[in-house]
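Have a look at the structure below, then the notes.
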Amino acid sequence: MSTKVLLDTDIGSDIDDAVCLAYLLAQPACELLGITTVSGEVEKRAQIASALCRTAGRQVPIFPGVADPLLVPQKQPHAPQAAALKDWPHETNFPKAEAIAFLQETIRSQPGEIVLLTIGPLTNIALLFSLDPEIPQLLKGLVMMCGVFTNRLAGVGPREWNALLDPHATAIVYRHAVKVHRSIGLDVTHQVVMEAGEVKRRFQAPLLKPVLDFAEVWFERRSSITFHDPLAAATLFDNRICQFEKGLVEVELASDRLGGLTYWTLQASPGPHEVALQVEAERFFDHYFSVFN
């Protein structure tokens with residue numbers, strides 16, 4: 001049985017968004033209903049998403065969303081991987097200012113059936129939940145690559161990029177009740193890392209070729225890929241990759257220096273938020289590459 005997914009992404013900055021979208025397009029159990037983009041040069045991000053969909057031979061609705069955070073200055077104004085678009089066919093015309101309405105209409109048309117997967121700043125989702133407060137309860141689930149919830153890995157955190165880029169949006173999303181409200185944080189995703197040489201060796205499937213091309217921009221300054229977003233996506237289809245615990249997530253807003261910091265508390269009675277605490281890295285990588293075979 002397939003899982004219906006809506007993807008909200010800032011594809012074009014960290015390469016892992018493209019790695020994630022390629023996985024969703026290849027995953028036979030995924031019914032990808034649409035893609036919305038967020039945070040700085042949203043139309044270029046839509047073009048990158050389109051290039052992957054074209055490579056996969058898929059017609060997926062793509063909507064550029066909100067470019068700027070709700071209240072704080074933009075820290076991610078550009079989509080640098082768009083430099084590689086010239087080598088890959090892609091759409092250039094997209095609906096204007098319709099991303100939030102698209103999400104709303106799609107979720108309302110299929111209540112209880114859709115998982116919303118967010119792998120970027122939460123601006124689009126905060127606006128969606130604020131404009132239509134019934135939407136969170138109409139979702140089958142909300143799965144986010146967002147936050148830091150433990151101090152188990154030295155040098156990781158204390159804040160995570162998606163959460164801090166629009167901290168007010170992050171706080172809004174965590175305040176809304178969803179039937180399944182899951183977060184995969186930086187302290188877990190940093191356990192699934194692959195060096196550039198291994199990436200180039202293993203990214204041989206046709207759908208991974210444009211990802212590898214986009215990754216050249218990424219590798220100009222970095223020597224590895226952390227599979228933050230693909231890990232979040234994989235948990236939708238294999239519930240043994242990560243171990244989750246229920247508790248309460250709160251978001252720091254009082255301090256500009258710590259805005260977007262996520263506090264997680266394990267509660268005696270099940271809380272509203274599920275947080276990933278453990279990951280089986282080998283199982284994840286086996287699962288990820290299996291969909292391209």
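Just remember, in the structure tokens the first chain shown is A, the second B, etc., residues are 1-based per chain, and ligands are 1-based in the order shown.
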
Run DSSP on the backbone and tell me which residues of range 110-166 of chain A come out as strand (DSSP E or B); list them as a ChimeraX atom specification. /A:114-119,141-145

Which residues come within 12 Å of Phe94 in chain A, counting only C-alpha atoms, excluding same-chain residues fewer than 4 positions away, as a list of chain:residue names?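 The residues satisfying every condition are A:Ile35, A:Thr36, A:Thr37, A:Val42, A:Glu43, A:Lys44, A:Arg45, A:Ala46, A:Gln47, A:Ala49, A:Ser50, A:Val60, A:Pro61, A:Ile62, A:Phe63, A:Pro64, A:Gly65, A:His90, A:Glu98, A:Ala99.
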
Looking only at helix (DSSP H, G or I) from DSSP on the backbone, list the matching residues of range 118-293 of chain A as a ChimeraX atom specification. /A:123-131,135-138,161-165,167-175,186-189,196-202,206-219,228-234,281-290

Determine, for each residue of range 156-207 of chain A having at least one atom at most 12 Å from an atom of range 72-76 of chain A, the closest pair of atoms and their separation in Å to one decimal, counting only C-alpha atoms; order by chain and ascending number, as a Markdown table.
```
| residue | atom | partner | partner_atom | distance |
| --- | --- | --- | --- | --- |
| A:Trp161 | CA | A:Lys75 | CA | 9.7 |
| A:Asn162 | CA | A:Gln76 | CA | 10.3 |
| A:Leu164 | CA | A:Lys75 | CA | 9.4 |
| A:Leu165 | CA | A:Lys75 | CA | 6.5 |
| A:Asp166 | CA | A:Val72 | CA | 6.8 |
| A:Pro167 | CA | A:Val72 | CA | 8.1 |
| A:His168 | CA | A:Val72 | CA | 8.3 |
| A:Ala169 | CA | A:Val72 | CA | 10.2 |
```

Neighbours of range 103-105 of chain A within 10 Å (only C-alpha atoms; same-chain residues fewer than 2 positions away dropped), as an MDAnalysis selection string? chainID A and resid 6:8 33:36 63 98:101 107:110 116 124:125 128:129 131:132 134:135 138

With N, CA and C atoms kept, could you save the residues just selected as a PDB file, in the first residue's frame?
```
ATOM      1  N   LEU A   6       3.200  14.832   0.802  1.00  0.00           N
ATOM      2  CA  LEU A   6       3.470  16.191   0.327  1.00  0.00           C
ATOM      3  C   LEU A   6       4.829  16.592   0.860  1.00  0.00           C
ATOM      4  N   LEU A   7       5.679  17.145  -0.003  1.00  0.00           N
ATOM      5  CA  LEU A   7       7.044  17.507   0.387  1.00  0.00           C
ATOM      6  C   LEU A   7       7.207  19.017   0.383  1.00  0.00           C
ATOM      7  N   ASP A   8       7.697  19.562   1.497  1.00  0.00           N
ATOM      8  CA  ASP A   8       8.053  20.984   1.585  1.00  0.00           C
ATOM      9  C   ASP A   8       9.562  21.068   1.766  1.00  0.00           C
ATOM     10  N   LEU A  33       2.392  13.595  -3.959  1.00  0.00           N
ATOM     11  CA  LEU A  33       1.267  14.384  -4.442  1.00  0.00           C
ATOM     12  C   LEU A  33       1.662  15.787  -4.867  1.00  0.00           C
ATOM     13  N   GLY A  34       2.777  16.277  -4.363  1.00  0.00           N
ATOM     14  CA  GLY A  34       3.192  17.621  -4.723  1.00  0.00           C
ATOM     15  C   GLY A  34       4.398  18.063  -3.935  1.00  0.00           C
ATOM     16  N   ILE A  35       5.028  19.141  -4.423  1.00  0.00           N
ATOM     17  CA  ILE A  35       6.235  19.701  -3.820  1.00  0.00           C
ATOM     18  C   ILE A  35       6.033  21.203  -3.676  1.00  0.00           C
ATOM     19  N   THR A  36       6.344  21.741  -2.507  1.00  0.00           N
ATOM     20  CA  THR A  36       6.395  23.182  -2.318  1.00  0.00           C
ATOM     21  C   THR A  36       7.807  23.562  -1.896  1.00  0.00           C
ATOM     22  N   PHE A  63       5.125  23.954  -6.509  1.00  0.00           N
ATOM     23  CA  PHE A  63       4.682  25.305  -6.198  1.00  0.00           C
ATOM     24  C   PHE A  63       5.744  26.044  -5.399  1.00  0.00           C
ATOM     25  N   GLU A  98       0.668  30.379  -4.840  1.00  0.00           N
ATOM     26  CA  GLU A  98      -0.394  29.392  -4.664  1.00  0.00           C
ATOM     27  C   GLU A  98       0.031  28.210  -3.796  1.00  0.00           C
ATOM     28  N   ALA A  99       1.228  28.229  -3.237  1.00  0.00           N
ATOM     29  CA  ALA A  99       1.737  27.068  -2.511  1.00  0.00           C
ATOM     30  C   ALA A  99       0.880  26.727  -1.293  1.00  0.00           C
ATOM     31  N   ILE A 100       0.534  27.739  -0.498  1.00  0.00           N
ATOM     32  CA  ILE A 100      -0.236  27.484   0.719  1.00  0.00           C
ATOM     33  C   ILE A 100      -1.629  26.968   0.362  1.00  0.00           C
ATOM     34  N   ALA A 101      -2.246  27.577  -0.638  1.00  0.00           N
ATOM     35  CA  ALA A 101      -3.572  27.128  -1.072  1.00  0.00           C
ATOM     36  C   ALA A 101      -3.514  25.702  -1.612  1.00  0.00           C
ATOM     37  N   ILE A 107      -4.713  18.620   1.175  1.00  0.00           N
ATOM     38  CA  ILE A 107      -4.936  17.947   2.460  1.00  0.00           C
ATOM     39  C   ILE A 107      -6.430  17.837   2.756  1.00  0.00           C
ATOM     40  N   ARG A 108      -7.183  18.894   2.475  1.00  0.00           N
ATOM     41  CA  ARG A 108      -8.628  18.860   2.743  1.00  0.00           C
ATOM     42  C   ARG A 108      -9.354  17.866   1.824  1.00  0.00           C
ATOM     43  N   SER A 109      -8.818  17.642   0.653  1.00  0.00           N
ATOM     44  CA  SER A 109      -9.469  16.722  -0.283  1.00  0.00           C
ATOM     45  C   SER A 109      -9.248  15.261   0.077  1.00  0.00           C
ATOM     46  N   GLN A 110      -8.255  14.992   0.935  1.00  0.00           N
ATOM     47  CA  GLN A 110      -7.934  13.607   1.312  1.00  0.00           C
ATOM     48  C   GLN A 110      -7.645  13.543   2.815  1.00  0.00           C
ATOM     49  N   LEU A 116       2.708  14.902   5.660  1.00  0.00           N
ATOM     50  CA  LEU A 116       3.416  16.120   5.267  1.00  0.00           C
ATOM     51  C   LEU A 116       4.861  15.982   5.727  1.00  0.00           C
ATOM     52  N   ASN A 124       6.308  28.004   5.249  1.00  0.00           N
ATOM     53  CA  ASN A 124       5.090  27.603   4.533  1.00  0.00           C
ATOM     54  C   ASN A 124       4.112  26.895   5.463  1.00  0.00           C
ATOM     55  N   ILE A 125       4.641  26.001   6.283  1.00  0.00           N
ATOM     56  CA  ILE A 125       3.776  25.162   7.118  1.00  0.00           C
ATOM     57  C   ILE A 125       3.151  25.983   8.240  1.00  0.00           C
ATOM     58  N   LEU A 128       0.324  27.853   6.690  1.00  0.00           N
ATOM     59  CA  LEU A 128      -0.765  26.919   6.413  1.00  0.00           C
ATOM     60  C   LEU A 128      -1.562  26.623   7.681  1.00  0.00           C
ATOM     61  N   PHE A 129      -0.864  26.287   8.765  1.00  0.00           N
ATOM     62  CA  PHE A 129      -1.533  25.947  10.019  1.00  0.00           C
ATOM     63  C   PHE A 129      -2.239  27.163  10.621  1.00  0.00           C
ATOM     64  N   LEU A 131      -3.465  29.845   8.917  1.00  0.00           N
ATOM     65  CA  LEU A 131      -4.596  30.239   8.078  1.00  0.00           C
ATOM     66  C   LEU A 131      -5.753  29.251   8.159  1.00  0.00           C
ATOM     67  N   ASP A 132      -5.426  27.978   8.385  1.00  0.00           N
ATOM     68  CA  ASP A 132      -6.458  26.938   8.467  1.00  0.00           C
ATOM     69  C   ASP A 132      -6.111  26.008   9.627  1.00  0.00           C
ATOM     70  N   GLU A 134      -7.569  23.792  11.181  1.00  0.00           N
ATOM     71  CA  GLU A 134      -8.058  22.413  11.133  1.00  0.00           C
ATOM     72  C   GLU A 134      -7.100  21.492  10.383  1.00  0.00           C
ATOM     73  N   ILE A 135      -6.223  22.069   9.573  1.00  0.00           N
ATOM     74  CA  ILE A 135      -5.337  21.263   8.734  1.00  0.00           C
ATOM     75  C   ILE A 135      -4.492  20.267   9.531  1.00  0.00           C
ATOM     76  N   LEU A 138      -6.190  17.116  10.073  1.00  0.00           N
ATOM     77  CA  LEU A 138      -6.583  16.409   8.852  1.00  0.00           C
ATOM     78  C   LEU A 138      -5.428  15.630   8.240  1.00  0.00           C
TER      79      LEU A 138
END
```

Using only C-alpha atoms, tabulate the residues of range 132-164 of chain A lying at most 6 Å from any atom of range 170-189 of chain A, each with its closest atom pair and that distance in Å to one decimal, by chain and increasing residue number, as CSV.
```
residue,atom,partner,partner_atom,distance
A:Pro136,CA,A:Val178,CA,5.1
A:Gln137,CA,A:Val178,CA,5.3
A:Gly141,CA,A:Val180,CA,4.5
A:Leu142,CA,A:His181,CA,5.0
A:Val143,CA,A:Arg182,CA,4.8
A:Met144,CA,A:Ser183,CA,4.8
A:Met145,CA,A:Ile184,CA,4.9
A:Cys146,CA,A:Gly185,CA,5.2
A:Gly147,CA,A:Gly185,CA,4.8
A:Val148,CA,A:Gly185,CA,4.9
A:Ala163,CA,A:Thr170,CA,5.7
```

Selection to disk with C-alpha atoms, as a compact mmCIF listing (two decimals), in the first residue's frame:
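out-v6.txt was written with the following content:
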```txt
# COMPACT_ATOMS: atom_id res chain seq x y z
CA PRO A 136 -3.03 19.66 11.37
CA GLN A 137 -5.82 17.32 12.48
CA GLY A 141 1.14 12.65 10.05
CA LEU A 142 3.76 15.38 10.09
CA VAL A 143 7.40 14.29 9.73
CA MET A 144 10.10 16.93 9.99
CA MET A 145 13.87 17.10 9.68
CA CYS A 146 14.14 19.72 12.38
CA GLY A 147 15.76 20.49 15.72
CA VAL A 148 18.32 19.09 18.14
CA ALA A 163 14.57 25.45 13.07
```

Given only C-alpha atoms as the basis, pick out the residue of A:Arg58, A:Lys96, A:Lys86, A:His78 nearest to Gly40 in chain A.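 Ranking A:Arg58, A:Lys96, A:Lys86, A:His78 by distance to Gly40 in chain A, first place goes to A:His78.
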
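Between CA of Gly155 in chain A and CA of Gln191 in chain A lies a distance of 12.5 Å.
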
I'd like the neighbourhood of Glu252 in chain A as a list in words, where a residue qualifies if any of its atoms comes within 6 Å (using only C-alpha atoms), though same-chain residues fewer than 3 positions away should be ignored.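 Skipping anything fewer than 3 positions along the chain leaves Gly259, Gly260 and Leu261 of chain A.
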
Store the residues picked out above, limited to N, CA and C atoms, as a tab-separated table (two decimals), in the first residue's frame.
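And here's selection.tsv as it stands now:
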```tsv
chain	number	residue	atom	x	y	z
A	259	GLY	N	17.50	31.83	19.21
A	259	GLY	CA	16.21	31.63	18.56
A	259	GLY	C	16.16	30.36	17.73
A	260	GLY	N	15.10	29.58	17.92
A	260	GLY	CA	14.96	28.32	17.20
A	260	GLY	C	15.53	27.13	17.93
A	261	LEU	N	16.15	27.35	19.09
A	261	LEU	CA	16.63	26.23	19.90
A	261	LEU	C	15.45	25.38	20.32
```

Give me the residues near Ala205 in chain A as a ChimeraX atom specification, where near means some atom within 10 Å (using only C-alpha atoms) and where sequence neighbours in that chain fewer than 5 positions away do not count. /A:210,289,291-293

Residues at most 7 Å from Ser13 in chain A, counting only C-alpha atoms, excluding those fewer than 4 positions away in the same chain, as number ranges by chain? A: 79-81

Let's have the selection written as a compact mmCIF listing (two decimals), in the first residue's frame, with C-alpha atoms.
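The result, written out as again-v9.txt:
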```
# COMPACT_ATOMS: atom_id res chain seq x y z
CA ALA A 79 19.96 28.40 -4.02
CA PRO A 80 23.57 27.79 -5.15
CA GLN A 81 22.94 24.40 -6.76
```

Gap from CA of Leu122 in chain A to CA of Glu245 in chain A - Å, one decimal: 22.1 Å

Let me make sure I understand: among A:Val275, A:Ala126, A:Ala254, A:Val193, which one has the smallest atom-to-atom distance to Thr235 in chain A if we use only C-alpha atoms?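 Selected residue with least distance to Thr235 in chain A: A:Val275.
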
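Considering only C-alpha atoms, the residue among A:His190, A:Pro89, A:Pro69, A:Leu266 positioned nearest to Val156 in chain A is A:His190.
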
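Going from CA of Gly197 in chain A over to CA of Ala215 in chain A, you cover 11.9 Å.
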
Nearest to Asp17 in chain A by atom-to-atom distance, counting only C-alpha atoms, from A:Asp229, A:Glu91, A:Glu220, A:Glu113: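 When distances to Asp17 in chain A are compared using only C-alpha atoms, the smallest one comes from A:Asp229.
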
Could you pull the residues within 12 Å of Gln27 in chain A, counting only C-alpha atoms, minus those fewer than 3 positions along the same chain, as a list in words?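 Here the answer would be Ser2, Thr3, Lys4, Val5, Cys20, Leu21, Ala22, Tyr23, Leu24, Cys30, Glu31, Leu32, Ala56, Leu207, Pro230, Ala233, Ala234, Leu236, Phe237, Asp238, His287, Tyr288, Phe289, Ser290, Val291, Phe292 and Asn293 of chain A.
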
Atoms to include: N, CA and C atoms. Write the selected residues as a PDB file, in the first residue's frame.
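Final output, again_36.pdb:
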```pdb
ATOM      1  N   SER A   2       0.574   2.209  -0.838  1.00  0.00           N
ATOM      2  CA  SER A   2       1.409   3.396  -0.958  1.00  0.00           C
ATOM      3  C   SER A   2       1.080   4.411   0.138  1.00  0.00           C
ATOM      4  N   THR A   3       2.052   5.274   0.410  1.00  0.00           N
ATOM      5  CA  THR A   3       1.895   6.367   1.355  1.00  0.00           C
ATOM      6  C   THR A   3       1.818   7.668   0.571  1.00  0.00           C
ATOM      7  N   LYS A   4       0.778   8.458   0.821  1.00  0.00           N
ATOM      8  CA  LYS A   4       0.611   9.738   0.149  1.00  0.00           C
ATOM      9  C   LYS A   4       1.448  10.797   0.870  1.00  0.00           C
ATOM     10  N   VAL A   5       2.291  11.498   0.100  1.00  0.00           N
ATOM     11  CA  VAL A   5       3.251  12.428   0.686  1.00  0.00           C
ATOM     12  C   VAL A   5       3.177  13.787  -0.002  1.00  0.00           C
ATOM     13  N   CYS A  20      17.138  13.455  -0.998  1.00  0.00           N
ATOM     14  CA  CYS A  20      15.846  13.032  -0.458  1.00  0.00           C
ATOM     15  C   CYS A  20      14.784  12.943  -1.549  1.00  0.00           C
ATOM     16  N   LEU A  21      14.688  13.971  -2.388  1.00  0.00           N
ATOM     17  CA  LEU A  21      13.671  13.953  -3.441  1.00  0.00           C
ATOM     18  C   LEU A  21      13.905  12.805  -4.407  1.00  0.00           C
ATOM     19  N   ALA A  22      15.160  12.529  -4.752  1.00  0.00           N
ATOM     20  CA  ALA A  22      15.447  11.387  -5.628  1.00  0.00           C
ATOM     21  C   ALA A  22      14.928  10.089  -4.998  1.00  0.00           C
ATOM     22  N   TYR A  23      15.136   9.950  -3.705  1.00  0.00           N
ATOM     23  CA  TYR A  23      14.641   8.761  -2.986  1.00  0.00           C
ATOM     24  C   TYR A  23      13.116   8.663  -3.077  1.00  0.00           C
ATOM     25  N   LEU A  24      12.411   9.757  -2.817  1.00  0.00           N
ATOM     26  CA  LEU A  24      10.949   9.728  -2.859  1.00  0.00           C
ATOM     27  C   LEU A  24      10.444   9.381  -4.256  1.00  0.00           C
ATOM     28  N   CYS A  30       5.842   5.283  -2.367  1.00  0.00           N
ATOM     29  CA  CYS A  30       5.556   6.704  -2.175  1.00  0.00           C
ATOM     30  C   CYS A  30       4.675   7.235  -3.300  1.00  0.00           C
ATOM     31  N   GLU A  31       3.541   7.805  -2.925  1.00  0.00           N
ATOM     32  CA  GLU A  31       2.698   8.538  -3.874  1.00  0.00           C
ATOM     33  C   GLU A  31       2.933  10.023  -3.606  1.00  0.00           C
ATOM     34  N   LEU A  32       3.827  10.622  -4.361  1.00  0.00           N
ATOM     35  CA  LEU A  32       4.212  12.011  -4.144  1.00  0.00           C
ATOM     36  C   LEU A  32       3.177  12.927  -4.793  1.00  0.00           C
ATOM     37  N   ALA A  56      13.114  11.540 -13.553  1.00  0.00           N
ATOM     38  CA  ALA A  56      12.352  10.359 -13.125  1.00  0.00           C
ATOM     39  C   ALA A  56      11.174  10.062 -14.040  1.00  0.00           C
ATOM     40  N   LEU A 207      18.614   8.276 -11.794  1.00  0.00           N
ATOM     41  CA  LEU A 207      17.971   9.350 -11.056  1.00  0.00           C
ATOM     42  C   LEU A 207      18.938  10.065 -10.112  1.00  0.00           C
ATOM     43  N   PRO A 230      17.050  12.631   3.734  1.00  0.00           N
ATOM     44  CA  PRO A 230      16.686  11.274   3.333  1.00  0.00           C
ATOM     45  C   PRO A 230      16.360  10.369   4.519  1.00  0.00           C
ATOM     46  N   ALA A 233      12.808  11.034   5.450  1.00  0.00           N
ATOM     47  CA  ALA A 233      11.911  10.428   4.461  1.00  0.00           C
ATOM     48  C   ALA A 233      11.847   8.912   4.617  1.00  0.00           C
ATOM     49  N   ALA A 234      12.980   8.292   4.867  1.00  0.00           N
ATOM     50  CA  ALA A 234      13.017   6.826   4.959  1.00  0.00           C
ATOM     51  C   ALA A 234      12.186   6.300   6.122  1.00  0.00           C
ATOM     52  N   LEU A 236       9.326   7.076   6.884  1.00  0.00           N
ATOM     53  CA  LEU A 236       7.942   6.901   6.457  1.00  0.00           C
ATOM     54  C   LEU A 236       7.688   5.496   5.947  1.00  0.00           C
ATOM     55  N   PHE A 237       8.751   4.822   5.492  1.00  0.00           N
ATOM     56  CA  PHE A 237       8.576   3.541   4.803  1.00  0.00           C
ATOM     57  C   PHE A 237       9.243   2.371   5.521  1.00  0.00           C
ATOM     58  N   ASP A 238      10.067   2.645   6.512  1.00  0.00           N
ATOM     59  CA  ASP A 238      10.669   1.596   7.331  1.00  0.00           C
ATOM     60  C   ASP A 238      10.708   2.099   8.767  1.00  0.00           C
ATOM     61  N   HIS A 287      18.512   0.516   3.013  1.00  0.00           N
ATOM     62  CA  HIS A 287      17.154   0.855   2.576  1.00  0.00           C
ATOM     63  C   HIS A 287      17.203   1.939   1.489  1.00  0.00           C
ATOM     64  N   TYR A 288      17.996   2.963   1.716  1.00  0.00           N
ATOM     65  CA  TYR A 288      18.042   4.087   0.771  1.00  0.00           C
ATOM     66  C   TYR A 288      18.431   3.603  -0.628  1.00  0.00           C
ATOM     67  N   PHE A 289      19.523   2.889  -0.729  1.00  0.00           N
ATOM     68  CA  PHE A 289      20.018   2.499  -2.059  1.00  0.00           C
ATOM     69  C   PHE A 289      19.195   1.374  -2.677  1.00  0.00           C
ATOM     70  N   SER A 290      18.421   0.650  -1.856  1.00  0.00           N
ATOM     71  CA  SER A 290      17.618  -0.463  -2.390  1.00  0.00           C
ATOM     72  C   SER A 290      16.558   0.029  -3.373  1.00  0.00           C
ATOM     73  N   VAL A 291      16.068   1.259  -3.205  1.00  0.00           N
ATOM     74  CA  VAL A 291      14.988   1.718  -4.075  1.00  0.00           C
ATOM     75  C   VAL A 291      15.488   2.052  -5.476  1.00  0.00           C
ATOM     76  N   PHE A 292      16.801   2.184  -5.641  1.00  0.00           N
ATOM     77  CA  PHE A 292      17.357   2.518  -6.954  1.00  0.00           C
ATOM     78  C   PHE A 292      17.812   1.265  -7.715  1.00  0.00           C
ATOM     79  N   ASN A 293      17.741   0.109  -7.087  1.00  0.00           N
ATOM     80  CA  ASN A 293      18.177  -1.130  -7.750  1.00  0.00           C
ATOM     81  C   ASN A 293      17.128  -1.628  -8.729  1.00  0.00           C
TER      82      ASN A 293
END
```
